[in-house]
Amino acid sequence: MSTNVSALQGAGLRYMLAKSAKTYLNMDAIFSDETKQYVEPYDPDSGEVVTFTLRTAKNNVDSALFHTSRKTFPMSKIKSDGLFDYYAAKYRLGKEVLRYYFSVDKNGSRYFYNKNGLHSNVNEDFNFKIVPGFRTPDWAKGAIMYQIFIDRFYNGDKTNDPLNYEYLYIGRVCKSLAWDHPVETDDICNFYGGDLQGIIDKMPYLQSLGVEALYLSPLFVSPSSHKYDIQDYDYVDPHFGVIKQDGGQVLNFDRFHNRYATKYMARTAEKVNLEASNELCIKMIETAHAHGIKVILDGVFNHCGCYNKWLDKPGFYKTMGYPDGAYRSESSQYNKYFLWYDTNWPNNDCYDSWWGNDNHPKLNFEDAPELYDYILEVGKKWVSPPYNIDGWRLDVAADLGRSPEFNHKFWQDFRKAVKSANPNAIILAEHYGDVSPWISGGEWDTVMNYDAFMEPLTWFLTGVSKHSEEHQGHLKCNAMAFENAMRYHMSRFNVHALQVSMNQLSNHDHSRFLTRTNGETGRLHTRGGKAAEDGVHKAVMMEAVVFQMTWPGAPTIYYGDEAGLAGWTDPDNRRVFPWGKEDKTMLQLHRDLAELRQSYPVLRGGSVEFLWNEYGILSFARWDESAKIAVAINNNDVEKSITLPVWKMGCRTGEMTCILATFDKTSEHWEEIYKVDKTNEKSAKKYAVESGIVHLTLPPFSSIILAE
């Protein structure tokens, strides 16, 4: 992305200077990135010769240079068009990550260009980067993903629903709730009945929404509704699969602490065929694939559950004839699977756990090589036949070991194991902070994109944090803060990781984006569920969806966002899908934008550059050789007139077509642009391009997408 055009200069000033005054440097014409347009080959291996291209205004620079950390190379002008010159340099890659930048000379002065734009000196933190041999799955580049919290999506098989009082878990009674029952603060053992059959039943719906990949919350055996406390990594939980009592494997919940057993016979006390649930999982994956949808499972390898047979805190496995768990005996073969702070047995409550939650005991990979190898086998097993999942999302991945060095080694080995079984499987991690160390050495493909997507966009559009727990009004509509944050955090990615990054507005750990639009702070236990719905601003949510569906990365819908679900952060963000009560306008917006994204490949792999940003206004360009797209968003409560310098994409004169627009249906100005009733509509309106500029008037809280 190039230097931002300031409001004082005007959108067309630098362009006009490029046309008429050779003494001036047209700063905004200078552009390069890591896409196919500017790097050839796009995904090189070590030893390959790569051509790097830099764009400048036509006849506007005296010379151009290509810089690595060690050497500088002159660039040659290889072609020109009506607006631009293109300079190129060739460089043979070594085995290490290549970090590079450019410079141009003009009238005796030198200016440096990297992901931070054009400056008089270079900040190497923003340099472009090529990782030799690093590739991400083509199917995931720009794919529309959909996250399902399984228990809350759809109940396709009521016979596998947990029974009321079926068991106790960490002092909570298992409860089976009606689908319309409000989420309770103590939600860990509340079940609504969503299951794999429900996903199978709704596969046509997902396909109609344009979904290309599913990311499923954990589905392995676990006593909780969220299942981030896994008991068994080899089997799907029968409450998500099939309750088949035929003397098979044992489903190991806390039946021996079931004080209600005299009234309610716990099915989990019986021998349950866990293979039957695995077989249903295979059917679900095959059904998804038949609908053109990939499947990503949640890999919770940082910790397991306290009921896991390796720990066996309640003593269930011991009574069933299994070897002693580490909690039951100091001499357990699993003792080293956990890190103990006090070895003075039987004071055995002092095991390391995730954030002090003793139901989430951390796994001690450093001291248990057999555990290390087993989890690698789990990673391979599920991406291999007969399951054939298409990748893993890794829970709290950077916290897995006790040192960064160990973590890097583990994930390098995990990548080798998974990719050896399925080279097209994606490996994406939950991660906050600098991603660059994890995508430059053969570990992850990408991350859940908090820093370079969810957080900056949330602050700009709503002024509250992604948890709805903090309000910072100075960040709302602050285009400069937004652009600076995006520019910095996006610079941590290489292009292959960026194009598959999981761009979410909401998920299972943060408040629903629709709730954030009310500008309020709170949680379920402090404000109640209704307050999460009060005062929400649907038009702001629609702006966010337009941005999500047109920005680089994999737009990932959290189930129910497309239906208008609200909710505070965990657990209120895990409300059930409102089947039959969907917000039809929001649903149609998602379908229109998915169709648009699939019709314009440029939105998956094209270049991106900001066009005109000011208070409450964001606009950017997406372009490649196939198409040119401009997107503009007005987050102000008043109408705004803006000028878009579409010449940056190579547009000089002609027309751009309005292909989709969204707006606040309370706006009085929509008729100036849109010709239909107050819903989202594809429009045939044309916008003239005059000297490389498009003039727009945007109604309050509106978005528009233009195509050449």
# chains A, B, ... in the order shown; residues from 1 in each chain; ligands from 1

$ residues_around --residues "Thr35 of chain A" --least-positions-apart "6" --cutoff "8 Å" --atoms "only C-alpha atoms" --output "ChimeraX atom specification"
/A:42,495,605-607

$ residues_around --residues "Asn478 of chain A" --least-positions-apart "2" --cutoff "8 Å" --atoms "only C-alpha atoms" --output "PyMOL selection string"
chain A and resi 460+474-476+480-482+614-616

$ write_last_selection --atoms "N, CA, C and O atoms" --output "compact mmCIF listing (two decimals), in the first residue's frame"
# COMPACT_ATOMS: atom_id res chain seq x y z
N PHE A 460 -12.42 1.21 14.71
CA PHE A 460 -12.81 2.26 13.77
C PHE A 460 -14.34 2.37 13.66
O PHE A 460 -14.90 3.47 13.66
N HIS A 474 -11.87 7.90 21.02
CA HIS A 474 -10.96 8.59 20.09
C HIS A 474 -10.55 7.70 18.92
O HIS A 474 -10.03 8.21 17.92
N LEU A 475 -10.79 6.38 19.02
CA LEU A 475 -10.45 5.48 17.92
C LEU A 475 -11.61 5.29 16.95
O LEU A 475 -11.40 4.86 15.82
N LYS A 476 -12.82 5.62 17.38
CA LYS A 476 -13.96 5.49 16.48
C LYS A 476 -13.84 6.51 15.36
O LYS A 476 -13.62 7.70 15.60
N MET A 480 -6.80 7.59 10.48
CA MET A 480 -5.34 7.54 10.55
C MET A 480 -4.88 6.41 11.46
O MET A 480 -3.97 5.65 11.12
N ALA A 481 -5.52 6.28 12.64
CA ALA A 481 -5.17 5.20 13.55
C ALA A 481 -5.44 3.85 12.91
O ALA A 481 -4.66 2.90 13.05
N PHE A 482 -6.56 3.75 12.19
CA PHE A 482 -6.90 2.49 11.52
C PHE A 482 -5.85 2.14 10.48
O PHE A 482 -5.33 1.01 10.46
N GLU A 614 -10.37 9.61 5.61
CA GLU A 614 -10.49 10.78 6.47
C GLU A 614 -11.42 10.39 7.62
O GLU A 614 -11.82 9.22 7.72
N TYR A 615 -11.79 11.31 8.47
CA TYR A 615 -12.59 10.99 9.64
C TYR A 615 -13.86 10.24 9.22
O TYR A 615 -14.70 10.77 8.49
N GLY A 616 -13.99 9.00 9.66
CA GLY A 616 -15.17 8.21 9.38
C GLY A 616 -15.25 7.64 7.98
O GLY A 616 -16.21 6.95 7.65

$ closest_atom_pairs --of "segment 481-569 of chain A" --to "segment 634-650 of chain A" --cutoff "10 Å" --atoms "only C-alpha atoms" --output "CSV"
residue,atom,partner,partner_atom,distance
A:Ala539,CA,A:Asn635,CA,9.0
A:Val540,CA,A:Asn635,CA,7.0
A:Glu543,CA,A:Asn635,CA,7.7
A:Ala544,CA,A:Asn635,CA,9.9

$ closest_residue --among "A:Glu405, A:Glu279, A:Asp45, A:Glu655" --to "Val689 of chain A" --atoms "only C-alpha atoms"
A:Glu655

$ residues_around --residues "Pro571 of chain A" --least-positions-apart "6" --cutoff "12 Å" --atoms "only C-alpha atoms" --output "JSON, numbers by chain"
{"A": [149, 152, 182, 183, 184, 185, 186, 187, 188, 189, 190, 225, 226, 467, 507, 508, 509, 510, 511, 512, 523, 524, 525, 528, 529]}

$ select_by_dssp --residues "segment 267-323 of chain A" --states "strand (DSSP E or B)" --output "count of residues only"
8

$ residues_around --residues "Gln147 of chain A" --least-positions-apart "3" --cutoff "8 Å" --atoms "only C-alpha atoms" --output "MDAnalysis selection string"
chainID A and resid 214:217 507 556:559

$ closest_residue --among "A:Ala89, A:Ala688, A:Ala479, A:Thr526" --to "Ile633 of chain A" --atoms "only C-alpha atoms"
A:Ala479

$ select_by_dssp --residues "segment 139-283 of chain A" --states "helix (DSSP H, G or I)" --output "count of residues only"
36

$ closest_residue --among "A:Val631, A:Asp592, A:Ala398, A:Ser32" --to "Ile704 of chain A" --atoms "only C-alpha atoms"
A:Val631

$ closest_atom_pairs --of "segment 147-174 of chain A" --to "segment 227-238 of chain A" --cutoff "10 Å" --atoms "only C-alpha atoms" --output "CSV"
residue,atom,partner,partner_atom,distance
A:Ile150,CA,A:Lys227,CA,9.8
A:Asp151,CA,A:Lys227,CA,9.8
A:Asn160,CA,A:Pro238,CA,6.8
A:Asp161,CA,A:Pro238,CA,9.1
A:Pro162,CA,A:Pro238,CA,9.5

$ atom_distance --atom1 "atom CA of Trp179 of chain A" --atom2 "atom CA of Tyr192 of chain A"
5.8 Å

$ residues_around --residues "Ser491 of chain A" --least-positions-apart "5" --cutoff "8 Å" --atoms "only C-alpha atoms" --output "JSON, numbers by chain"
{"A": [115, 116, 125, 126, 127, 128]}

$ atom_distance --atom1 "atom CA of Lys283 of chain A" --atom2 "atom CA of Phe220 of chain A"
15.8 Å

$ residues_around --residues "Ser599 of chain A" --least-positions-apart "6" --cutoff "12 Å" --atoms "only C-alpha atoms" --output "short mmCIF file (atom, residue, chain, number, x, y, z; two decimals) with C-alpha atoms, in the first residue's frame"
data_model
loop_
_atom_site.label_atom_id
_atom_site.label_comp_id
_atom_site.auth_asym_id
_atom_site.auth_seq_id
_atom_site.Cartn_x
_atom_site.Cartn_y
_atom_site.Cartn_z
CA GLY A 210 -21.31 -19.22 -0.49
CA THR A 550 -13.61 -7.24 -0.05
CA ASP A 592 -24.77 -10.98 -2.34
CA LEU A 593 -21.25 -10.33 -1.15
CA SER A 626 -8.47 -9.16 -14.53
CA ALA A 627 -10.40 -6.36 -12.79
CA ILE A 629 -12.53 -2.67 -7.75
CA ILE A 659 -22.11 -3.42 -8.29
CA ALA A 707 -15.99 -1.98 -10.64
#
